[in-house]
Each structure stands twice: as C-alpha cells, then as structure tokens.
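Enquirer: I'm passing along my_file-v6.cif; it holds mmCIF, C-alpha atoms.
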```
data_start
loop_
_atom_site.group_PDB
_atom_site.id
_atom_site.type_symbol
_atom_site.label_atom_id
_atom_site.label_comp_id
_atom_site.auth_asym_id
_atom_site.auth_seq_id
_atom_site.Cartn_x
_atom_site.Cartn_y
_atom_site.Cartn_z
ATOM 1 C CA MET D 22 72.758 132.594 125.962
ATOM 2 C CA MET D 23 71.646 129.768 123.674
ATOM 3 C CA ALA D 24 69.859 130.683 120.467
ATOM 4 C CA ARG D 25 66.261 129.572 120.282
ATOM 5 C CA VAL D 26 65.750 126.736 117.782
ATOM 6 C CA SER D 27 62.560 127.116 115.776
ATOM 7 C CA LYS D 28 60.201 124.312 114.857
ATOM 8 C CA GLU D 29 61.139 124.778 111.197
ATOM 9 C CA GLN D 30 64.810 124.201 112.037
ATOM 10 C CA LEU D 31 64.203 121.269 114.392
ATOM 11 C CA MET D 32 61.932 119.094 112.233
ATOM 12 C CA PRO D 33 64.410 118.330 109.418
ATOM 13 C CA VAL D 34 67.086 117.509 112.006
ATOM 14 C CA LEU D 35 64.740 115.065 113.757
ATOM 15 C CA ALA D 36 63.710 113.537 110.418
ATOM 16 C CA LEU D 37 67.370 113.113 109.471
ATOM 17 C CA ALA D 38 68.142 111.569 112.870
ATOM 18 C CA GLY D 39 65.165 109.217 112.523
ATOM 19 C CA GLY D 40 66.431 108.104 109.125
ATOM 20 C CA ALA D 41 69.941 107.490 110.460
ATOM 21 C CA ILE D 42 68.583 105.468 113.400
ATOM 22 C CA SER D 43 66.349 103.429 111.077
ATOM 23 C CA ILE D 44 69.220 102.658 108.694
ATOM 24 C CA LEU D 45 71.469 101.528 111.539
ATOM 25 C CA SER D 46 68.674 99.435 113.063
ATOM 26 C CA ALA D 47 67.867 97.764 109.737
ATOM 27 C CA CYS D 48 71.553 96.983 109.152
ATOM 28 C CA HIS D 49 71.885 95.594 112.681
ATOM 29 C CA PHE D 50 68.826 93.353 112.250
ATOM 30 C CA MET D 51 70.107 92.270 108.852
ATOM 31 C CA GLU D 52 73.522 91.333 110.243
ATOM 32 C CA LYS D 53 72.163 89.246 113.137
ATOM 33 C CA LEU D 54 69.498 87.524 111.050
ATOM 34 C CA ALA D 55 71.917 86.793 108.215
ATOM 35 C CA PHE D 56 74.278 85.205 110.755
ATOM 36 C CA SER D 57 71.429 83.079 112.184
ATOM 37 C CA VAL D 58 70.227 81.970 108.755
ATOM 38 C CA GLY D 59 73.807 81.160 107.771
ATOM 39 C CA ALA D 60 74.268 79.123 110.934
ATOM 40 C CA TYR D 61 71.073 77.227 110.073
ATOM 41 C CA HIS D 62 72.312 76.340 106.607
ATOM 42 C CA GLU D 63 75.667 75.311 108.043
ATOM 43 C CA ALA D 64 74.014 73.055 110.625
ATOM 44 C CA LEU D 65 71.716 71.551 108.022
ATOM 45 C CA GLY D 66 74.685 70.909 105.759
ATOM 46 C CA ILE D 67 76.567 69.113 108.523
ATOM 47 C CA VAL D 68 73.561 66.934 109.364
ATOM 48 C CA SER D 69 73.012 66.054 105.703
ATOM 49 C CA THR D 70 76.656 65.469 104.855
ATOM 50 C CA TYR D 71 77.562 63.278 107.803
ATOM 51 C CA ASN D 72 74.119 61.721 108.262
ATOM 52 C CA ILE D 73 74.118 62.354 111.973
ATOM 53 C CA SER D 74 71.250 62.749 114.354
ATOM 54 C CA PRO D 75 70.768 66.444 115.170
ATOM 55 C CA THR D 76 71.182 67.511 118.768
ATOM 56 C CA ALA D 77 68.586 69.589 120.636
ATOM 57 C CA PRO D 78 70.362 72.938 119.900
ATOM 58 C CA ILE D 79 70.606 72.064 116.209
ATOM 59 C CA LEU D 80 66.950 71.010 116.110
ATOM 60 C CA SER D 81 66.002 74.302 117.728
ATOM 61 C CA LEU D 82 68.063 76.195 115.182
ATOM 62 C CA ILE D 83 66.522 74.278 112.275
ATOM 63 C CA SER D 84 62.987 74.777 113.600
ATOM 64 C CA GLN D 85 63.487 78.572 113.589
ATOM 65 C CA SER D 86 64.998 78.693 110.131
ATOM 66 C CA THR D 87 61.828 79.703 108.274
ATOM 67 C CA THR D 88 61.034 82.424 110.803
ATOM 68 C CA MET D 89 64.562 83.779 110.626
ATOM 69 C CA THR D 90 64.519 83.813 106.831
ATOM 70 C CA VAL D 91 61.207 85.713 106.693
ATOM 71 C CA ALA D 92 62.513 88.213 109.257
ATOM 72 C CA LEU D 93 65.655 88.679 107.165
ATOM 73 C CA TYR D 94 63.539 89.472 104.097
ATOM 74 C CA LEU D 95 61.681 92.047 106.181
ATOM 75 C CA THR D 96 64.941 93.872 106.824
ATOM 76 C CA PHE D 97 65.410 94.114 103.041
ATOM 77 C CA LEU D 98 62.024 95.874 102.960
ATOM 78 C CA MET D 99 62.790 98.044 105.979
ATOM 79 C CA LEU D 100 66.105 99.400 104.705
ATOM 80 C CA PRO D 101 64.788 101.269 101.602
ATOM 81 C CA PHE D 102 62.145 103.042 103.693
ATOM 82 C CA ALA D 103 64.825 104.013 106.206
ATOM 83 C CA VAL D 104 66.903 105.443 103.350
ATOM 84 C CA ILE D 105 63.854 107.404 102.109
ATOM 85 C CA VAL D 106 63.419 108.930 105.580
ATOM 86 C CA PHE D 107 67.082 109.900 105.717
ATOM 87 C CA THR D 108 67.001 111.378 102.201
ATOM 88 C CA ILE D 109 63.922 113.520 102.877
ATOM 89 C CA GLY D 110 65.431 114.736 106.150
ATOM 90 C CA ALA D 111 68.642 115.707 104.324
ATOM 91 C CA MET D 112 66.673 117.520 101.604
ATOM 92 C CA TRP D 113 64.680 119.452 104.188
ATOM 93 C CA LEU D 114 67.815 120.348 106.106
ATOM 94 C CA PHE D 115 69.193 122.240 103.106
ATOM 95 C CA SER D 116 65.885 123.529 101.769
ATOM 96 C CA ARG D 117 62.998 125.166 103.590
ATOM 97 C CA SER D 118 60.494 123.849 101.115
ATOM 98 C CA ARG D 119 57.987 121.434 102.678
ATOM 99 C CA MET D 120 55.913 119.765 99.978
ATOM 100 C CA VAL D 121 52.773 117.737 100.615
ATOM 101 C CA LEU D 122 54.135 114.720 98.745
ATOM 102 C CA SER D 123 57.442 114.624 100.623
ATOM 103 C CA ALA D 124 55.619 114.971 103.962
ATOM 104 C CA ALA D 125 53.332 112.073 103.022
ATOM 105 C CA ALA D 126 56.325 109.989 101.892
ATOM 106 C CA LEU D 127 58.092 110.707 105.185
ATOM 107 C CA ALA D 128 55.066 109.658 107.250
ATOM 108 C CA LEU D 129 54.502 106.499 105.184
ATOM 109 C CA SER D 130 58.164 105.497 105.341
ATOM 110 C CA GLY D 131 58.261 106.058 109.092
ATOM 111 C CA LEU D 132 55.136 103.915 109.479
ATOM 112 C CA MET D 133 56.702 101.112 107.413
ATOM 113 C CA VAL D 134 59.778 101.181 109.641
ATOM 114 C CA ILE D 135 57.530 100.878 112.715
ATOM 115 C CA LEU D 136 55.548 97.980 111.241
ATOM 116 C CA ALA D 137 58.665 96.132 110.082
ATOM 117 C CA THR D 138 60.218 96.519 113.534
ATOM 118 C CA ALA D 139 57.049 95.216 115.214
ATOM 119 C CA VAL D 140 56.883 92.134 112.974
ATOM 120 C CA ILE D 141 60.575 91.368 113.384
ATOM 121 C CA GLU D 142 60.259 91.739 117.167
ATOM 122 C CA SER D 143 57.342 89.276 117.198
ATOM 123 C CA MET D 144 59.321 86.704 115.224
ATOM 124 C CA VAL D 145 62.791 86.738 116.786
ATOM 125 C CA ASN D 146 64.465 87.350 120.116
ATOM 126 C CA PHE D 147 67.625 89.429 120.072
ATOM 127 C CA GLY D 148 68.101 89.555 123.827
ATOM 128 C CA SER D 149 67.329 92.153 126.451
ATOM 129 C CA TYR D 150 69.114 95.205 125.003
ATOM 130 C CA PRO D 151 66.825 98.000 123.729
ATOM 131 C CA ILE D 152 67.518 97.680 120.003
ATOM 132 C CA PHE D 153 63.806 97.416 119.229
ATOM 133 C CA LEU D 154 62.991 100.550 121.244
ATOM 134 C CA ILE D 155 65.666 102.440 119.328
ATOM 135 C CA SER D 156 64.292 101.156 116.030
ATOM 136 C CA TYR D 157 60.762 102.199 117.001
ATOM 137 C CA LEU D 158 62.078 105.681 117.812
ATOM 138 C CA GLY D 159 63.681 105.867 114.367
ATOM 139 C CA GLY D 160 60.269 105.265 112.789
ATOM 140 C CA ILE D 161 58.079 107.253 115.154
ATOM 141 C CA MET D 162 59.962 110.555 114.727
ATOM 142 C CA PRO D 163 59.609 110.772 110.920
ATOM 143 C CA PHE D 164 56.057 109.430 111.059
ATOM 144 C CA LEU D 165 54.896 112.156 113.464
ATOM 145 C CA ILE D 166 56.814 114.909 111.641
ATOM 146 C CA GLY D 167 55.542 113.838 108.219
ATOM 147 C CA ALA D 168 51.944 113.485 109.427
ATOM 148 C CA TYR D 169 52.040 116.878 111.128
ATOM 149 C CA LEU D 170 53.455 118.671 108.091
ATOM 150 C CA PHE D 171 51.064 116.898 105.721
ATOM 151 C CA ILE D 172 48.056 118.015 107.774
ATOM 152 C CA ASP D 173 49.507 121.497 108.289
ATOM 153 C CA VAL D 174 50.215 122.108 104.610
ATOM 154 C CA ARG D 175 46.924 120.621 103.433
ATOM 155 C CA SER D 176 44.971 122.752 105.905
ATOM 156 C CA ARG D 177 46.275 126.035 104.498
ATOM 157 C CA PRO D 178 44.061 127.797 101.970
ATOM 158 C CA GLY D 179 45.212 127.045 98.444
ATOM 159 C CA SER D 180 47.993 124.771 99.650
ATOM 160 C CA THR D 181 46.872 121.837 97.521
ATOM 161 C CA ARG D 182 47.699 123.777 94.374
ATOM 162 C CA ALA D 183 51.080 124.738 93.049
ATOM 163 C CA ALA D 184 51.821 128.443 93.355
ATOM 164 C CA ARG D 185 50.711 130.185 90.172
ATOM 165 C CA PRO D 186 51.896 133.551 88.911
ATOM 166 C CA ILE D 187 49.523 136.430 89.632
ATOM 167 C CA SER D 188 48.939 138.694 86.664
ATOM 168 C CA ILE D 189 48.335 142.401 87.153
ATOM 169 C CA ASP D 190 46.045 144.224 84.708
ATOM 170 C CA PRO D 191 46.898 147.953 84.667
ATOM 171 C CA GLN D 192 43.316 148.693 83.558
ATOM 172 C CA THR D 193 41.862 147.450 86.878
ATOM 173 C CA PRO D 194 44.009 148.918 89.699
ATOM 174 C CA TYR D 195 41.271 148.696 92.354
ATOM 175 C CA THR D 196 40.445 145.073 91.537
ATOM 176 C CA ASN D 197 44.160 144.270 91.489
ATOM 177 C CA VAL D 198 44.479 145.275 95.143
ATOM 178 C CA MET D 199 41.658 142.916 96.119
ATOM 179 C CA ILE D 200 43.181 140.086 94.087
ATOM 180 C CA LEU D 201 46.612 140.613 95.626
ATOM 181 C CA SER D 202 45.131 140.829 99.094
ATOM 182 C CA LYS D 203 43.206 137.559 98.683
ATOM 183 C CA ARG D 204 45.600 135.466 96.613
ATOM 184 C CA LEU D 205 48.919 136.690 98.013
ATOM 185 C CA MET D 206 48.848 138.633 101.265
ATOM 186 C CA SER D 207 46.257 136.449 103.007
ATOM 187 C CA LYS D 208 48.559 133.428 102.681
ATOM 188 C CA LEU D 209 51.602 135.096 104.246
ATOM 189 C CA GLU D 210 52.486 134.552 107.888
ATOM 190 C CA GLY D 211 55.187 135.190 110.450
ATOM 191 C CA ASP D 212 57.899 137.730 109.678
ATOM 192 C CA LEU D 213 57.314 139.580 106.400
ATOM 193 C CA LYS D 214 60.359 140.923 104.578
ATOM 194 C CA ILE D 215 60.198 143.325 101.639
ATOM 195 C CA LEU D 216 63.024 144.445 99.376
ATOM 196 C CA ASP D 217 61.910 147.372 97.203
ATOM 197 C CA MET D 218 64.305 150.077 96.034
ATOM 198 C CA HIS D 219 61.327 152.161 94.830
ATOM 199 C CA PHE D 220 59.464 152.083 98.148
ATOM 200 C CA ASP D 221 58.006 155.525 98.897
ATOM 201 C CA ALA D 222 54.870 157.196 100.292
ATOM 202 C CA ASN D 223 52.662 155.551 97.641
ATOM 203 C CA GLY D 224 54.297 152.209 98.363
ATOM 204 C CA LEU D 225 53.475 152.641 102.043
ATOM 205 C CA VAL D 226 49.841 153.374 101.184
ATOM 206 C CA ASN D 227 49.583 150.282 98.987
ATOM 207 C CA LEU D 228 51.282 148.140 101.637
ATOM 208 C CA SER D 229 48.729 149.337 104.177
ATOM 209 C CA ARG D 230 45.874 148.462 101.816
ATOM 210 C CA LEU D 231 47.283 145.023 101.093
ATOM 211 C CA LEU D 232 47.868 144.232 104.758
ATOM 212 C CA ASN D 233 44.415 145.409 105.783
ATOM 213 C CA GLY D 234 42.554 142.369 107.074
ATOM 214 C CA ASN D 235 45.608 140.103 106.678
ATOM 215 C CA LEU D 236 47.467 140.818 109.910
ATOM 216 C CA GLU D 237 46.257 137.888 112.036
ATOM 217 C CA LYS D 238 49.269 135.698 111.241
ATOM 218 C CA CYS D 239 51.790 138.511 110.868
ATOM 219 C CA LYS D 240 54.460 139.114 113.537
ATOM 220 C CA SER D 241 56.622 141.780 111.949
ATOM 221 C CA VAL D 242 57.171 143.714 108.718
ATOM 222 C CA SER D 243 60.719 144.606 107.641
ATOM 223 C CA VAL D 244 61.341 146.785 104.586
ATOM 224 C CA LEU D 245 64.573 147.512 102.730
ATOM 225 C CA ALA D 246 64.386 150.660 100.585
ATOM 226 C CA LYS D 247 66.514 153.211 98.764
ATOM 227 C CA ARG D 248 67.207 156.550 100.433
ATOM 228 C CA ASP D 249 66.325 158.956 97.616
ATOM 229 C CA ARG D 250 62.579 158.144 97.775
ATOM 230 C CA LEU D 251 62.110 158.682 101.504
ATOM 231 C CA GLY D 252 61.148 162.334 101.799
ATOM 232 C CA SER D 253 59.450 164.280 104.587
ATOM 233 C CA GLU D 254 55.959 163.141 103.563
ATOM 234 C CA PHE D 255 57.045 159.526 103.725
ATOM 235 C CA ILE D 256 58.635 159.923 107.163
ATOM 236 C CA ARG D 257 55.403 161.393 108.604
ATOM 237 C CA ASN D 258 53.310 158.541 107.187
ATOM 238 C CA TYR D 259 55.906 155.984 108.207
ATOM 239 C CA SER D 260 55.777 157.068 111.830
ATOM 240 C CA ASP D 261 51.968 156.886 111.926
ATOM 241 C CA PHE D 262 51.897 153.499 110.219
ATOM 242 C CA LYS D 263 54.584 152.099 112.526
ATOM 243 C CA ASN D 264 52.639 153.222 115.597
ATOM 244 C CA GLU D 265 49.422 151.782 114.213
ATOM 245 C CA LEU D 266 50.979 148.384 113.639
ATOM 246 C CA GLY D 267 52.695 148.562 117.020
ATOM 247 C CA ASN D 268 49.293 148.988 118.675
ATOM 248 C CA LYS D 269 48.340 145.668 117.069
ATOM 249 C CA GLY D 270 51.476 143.941 118.358
ATOM 250 C CA ILE D 271 53.278 143.985 114.992
ATOM 251 C CA VAL D 272 56.807 145.360 114.677
ATOM 252 C CA PHE D 273 57.363 147.555 111.616
ATOM 253 C CA GLU D 274 60.889 148.569 110.701
ATOM 254 C CA LEU D 275 62.451 150.151 107.636
ATOM 255 C CA LYS D 276 66.135 150.178 106.793
ATOM 256 C CA VAL D 277 67.891 152.126 104.058
ATOM 257 C CA LEU D 278 70.228 150.307 101.699
ATOM 258 C CA ASN D 279 73.739 151.662 101.362
ATOM 259 C CA ASP D 280 74.543 153.105 97.936
ATOM 260 C CA GLY D 281 76.576 150.110 96.808
ATOM 261 C CA ASP D 282 73.906 147.550 97.645
ATOM 262 C CA ALA D 283 71.111 149.733 96.277
ATOM 263 C CA ASN D 284 72.797 150.058 92.882
ATOM 264 C CA GLU D 285 73.173 146.269 92.599
ATOM 265 C CA GLN D 286 69.500 145.458 93.222
ATOM 266 C CA HIS D 287 67.391 144.891 90.138
ATOM 267 C CA GLU D 288 64.297 143.150 91.485
ATOM 268 C CA ARG D 289 61.841 143.450 94.335
ATOM 269 C CA MET D 290 61.041 140.619 96.752
ATOM 270 C CA LEU D 291 58.321 139.744 99.234
ATOM 271 C CA ILE D 292 59.234 137.011 101.741
ATOM 272 C CA ASP D 293 57.541 135.334 104.674
ATOM 273 C CA GLY D 294 58.471 132.303 106.778
ATOM 274 C CA ARG D 295 57.762 129.801 104.014
ATOM 275 C CA THR D 296 57.572 131.489 100.620
ATOM 276 C CA ALA D 297 59.197 134.198 98.534
ATOM 277 C CA TYR D 298 57.921 136.165 95.542
ATOM 278 C CA LYS D 299 59.277 138.497 92.928
ATOM 279 C CA ILE D 300 56.981 141.527 92.886
ATOM 280 C CA PRO D 301 56.580 144.843 91.020
ATOM 281 C CA PRO D 302 57.398 148.070 92.919
ATOM 282 C CA LEU D 303 54.871 148.479 95.717
ATOM 283 C CA ASN D 304 54.112 152.073 94.717
ATOM 284 C CA ILE D 305 52.640 150.775 91.416
ATOM 285 C CA ILE D 306 52.037 147.119 92.288
ATOM 286 C CA ASN D 307 48.357 147.425 91.350
ATOM 287 C CA ARG D 308 49.044 149.287 88.093
ATOM 288 C CA LYS D 309 52.109 147.663 86.537
ATOM 289 C CA SER D 310 51.541 144.955 83.941
ATOM 290 C CA GLU D 311 53.764 142.284 85.449
ATOM 291 C CA HIS D 312 53.580 138.763 86.864
ATOM 292 C CA ILE D 313 54.121 138.053 90.539
ATOM 293 C CA VAL D 314 56.003 134.748 90.631
ATOM 294 C CA SER D 315 57.478 132.434 93.263
ATOM 295 C CA ILE D 316 61.252 132.391 93.747
ATOM 296 C CA ASN D 317 63.610 130.275 95.839
ATOM 297 C CA HIS D 318 62.817 131.018 99.470
ATOM 298 C CA ARG D 319 66.172 130.132 100.977
ATOM 299 C CA GLU D 320 68.172 132.184 98.498
ATOM 300 C CA ALA D 321 65.807 135.160 98.775
ATOM 301 C CA GLU D 322 65.913 135.164 102.578
ATOM 302 C CA GLU D 323 69.693 134.840 102.699
ATOM 303 C CA ARG D 324 70.021 137.727 100.290
ATOM 304 C CA PHE D 325 67.603 139.893 102.269
ATOM 305 C CA ASP D 326 69.296 139.134 105.599
ATOM 306 C CA ARG D 327 72.719 139.961 104.156
ATOM 307 C CA LEU D 328 71.447 143.322 102.880
ATOM 308 C CA TRP D 329 69.617 143.979 106.144
ATOM 309 C CA ILE D 330 72.803 143.688 108.187
ATOM 310 C CA ASN D 331 74.566 146.246 105.977
ATOM 311 C CA SER D 332 71.682 148.753 106.019
ATOM 312 C CA THR D 333 70.802 151.645 108.326
ATOM 313 C CA LYS D 334 67.583 152.146 110.266
ATOM 314 C CA LEU D 335 65.548 155.071 108.981
ATOM 315 C CA GLU D 336 65.531 156.612 112.455
ATOM 316 C CA ASN D 337 69.336 156.605 112.524
ATOM 317 C CA LEU D 338 69.843 158.437 109.237
ATOM 318 C CA LYS D 339 71.439 161.875 109.532
#
```
In structure tokens, write the structure found in this file.
Expert:
Amino acid sequence: MMARVSKEQLMPVLALAGGAISILSACHFMEKLAFSVGAYHEALGIVSTYNISPTAPILSLISQSTTMTVALYLTFLMLPFAVIVFTIGAMWLFSRSRMVLSAAALALSGLMVILATAVIESMVNFGSYPIFLISYLGGIMPFLIGAYLFIDVRSRPGSTRAARPISIDPQTPYTNVMILSKRLMSKLEGDLKILDMHFDANGLVNLSRLLNGNLEKCKSVSVLAKRDRLGSEFIRNYSDFKNELGNKGIVFELKVLNDGDANEQHERMLIDGRTAYKIPPLNIINRKSEHIVSINHREAEERFDRLWINSTKLENLK
C-alpha cells in the first residue's frame, strides 16, 4: 500500500521540479538563439567580406537578427529566475519552514519565467515540438505554489510577525494561561506533539485549560512522559480526558519513555505541523518564570518521532 503524500511534502518537490524544468528550458532557448545569432553574424561577415549580393535565405536570416538578439537577452534574464525557483524548492525540500518572503520570491520568479517564455514565443519560432508548453509548466508550478503559500501564511493570525518569545510571570498564573492560550495554543494546528518528562495530573489539567477553545484545527494530541509521575490519579483523569477528546474527533495518546531516553531528556517541547517550541513543564507552565521560544521544527519533530517509536503506550504498561 502506497504511503499518502501530504501537501507539505508535495509542494517543495513540485517547486524543485519547476525550477529544474525552467533551467533546462532557459538553457535550451539560449543554445538555439545563440546558434541563430551566430549564424547571422557569420552570414553578415561573408556578405561584407566578399561583397556579394545576399540570397533570400540570408536576407531572411539578417532581417531576424535583431529579434533573435533581443530574445537571446531575454534568456539571460530568464535563467536567474529559474535558478531562484530551483534554490527555493531545494531549501524547502530539506526544511519545513515556509517564510512569507520566500513564498513571494517563488511566485515572482515563476511569473517572470512565464512572461519571458511568452515573449520569446512571440518573437521566434522553434518548430512544432512542445518546448514552450514545457517551459510554461516550469513557471506555472512555482507561481501557483508560491502564491498559495504567501496567501496562506499571510492569512494566519500573527503570521506577519516573527515568532517572539513568550514570557511567563509567576505572579500572574491565571493571566498566564490566557496569554498562552491566545498567543501560543490558538496558532497550533494539525497533530500536536508534546515531550514533557514532568507531565502529571497537574500537567493534564493545564493542557486541558490551554486547549479549551483551541481545538478547531487540532487532529490529535500525542504526549511523551516519564513513568514515575503517572500515578493512579493521573490514569483516572487521563482516561476521562481521552474520552472527552475522542467525542470531539481528536485522538489523544500518551506514551511512556523508556528509562534510557527519559534520563537523556533535558528540555520540553511542543510541536505542531509547522512550528516547534521549547516550553516549561506543563504542570507549572503558568507559574514558572521562563521564556517559551521557537526551536527548529524539523529537528524537534525528528527527535520526538524517534523517541515515540521507542516508547510504550500507557495502556500497555504492566
């Protein structure tokens, strides 16, 4: 059974493919136009050197010389934009970060490739093969992807600003919950992943408070915790909370770290489909004087997934 490819995985591949197609198209145009311009100069040199009357084919070649030269210069403009498309696609392929500026640059570069192709097509005739259609495709893919991501990112609340650390004041625990709910939890979406060795009954209560009213875009919640804090009180609350989320169509699962992995963990993480944060322990997240800061999403998710595979579901503990 084939694995389902997500939109997040597909877009950088398409952008990279669009860049590769655009580079090849620009180089192909450049080669053919350079040959035509060279043939023009050669013909003109022969006519001038030997003072002969030009034949009809030579006259036709000379008459198109200016057009061919302008079209050749256009390929010099087209190639850098094609390289920009390819570079952004490669960056996105190895990083899940999607910045507004890079999305705008991708869309603009794709548009420039389209316009350059259209002008070149209107000026020269390369025959009946579909090189122009291929070149258009190389520009259209990055243009649509870049435009979509630019609109998508800009439409998210607070997306126009760089992520700022959230400070927690231990003197205002109630207000801290509201701040965290509004500035952090409301922006999360998709599959939420939490690594917290200190997760316990109080952590579960705080998680419930933070998620309250912020579940519209949430699909699942996965928690990695340490075994020694999961007593009988926690297990009762965990079961109720899991059922409550299940009634809302959200999967809640907790796994227990093995002793080796648990002893090596020195920070807590909160991850969704796009972002990752370093957080205080959830049981005192509203009381601990600490900054909540962004961390590398790809590295955080890879680390979480590696730990998740080696951990045991709470229900399977003996």
Enquirer: Might you pull out every residue within 7 Å of segment 226-240 of chain D, with all atoms listed in the file counted and same-chain residues fewer than 2 positions away left off, and present them as a PyMOL selection string?
Expert: chain D and resi 198+202+206-207+210-212+222-224+271-272+303-304
Enquirer: With distances taken over only C-alpha atoms, which residue among D:Ile292, D:Glu274, D:Ile152, D:Arg250 lies nearest Leu209 of chain D?
Expert: D:Ile292
Enquirer: Which one is closest to Leu201 of chain D: D:Ile141, D:Ile313, D:Leu165, D:Leu136? Count only C-alpha atoms.
Expert: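 Result for the nearest residue to Leu201 of chain D: D:Ile313.
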Enquirer: For the provided coordinates, the residues matched by the PyMOL selection byres ((chain D and resi 96-103) around 7) should be stated as a ChimeraX atom specification.
Expert: /D:40,43-44,47,50-51,92-95,104-107,130,133-134,137
Enquirer: Using all atoms listed in the file, can you tell me which of D:Gly281, D:Gly267, D:Pro33, D:Pro302 comes closest to Ala111 of chain D?
Expert: D:Pro33
Enquirer: Go ahead and compute the interatomic distance for atom CA of Ile330 of chain D and atom CA of Met290 of chain D, in Å to one decimal.
Expert: 16.7 Å
Enquirer: Determine the nearest neighbour of Asn284 of chain D from the options D:Pro151, D:His49, D:Tyr157, D:Met218, counting only C-alpha atoms.
Expert: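 The answer is D:Met218, which sits nearest to Asn284 of chain D.
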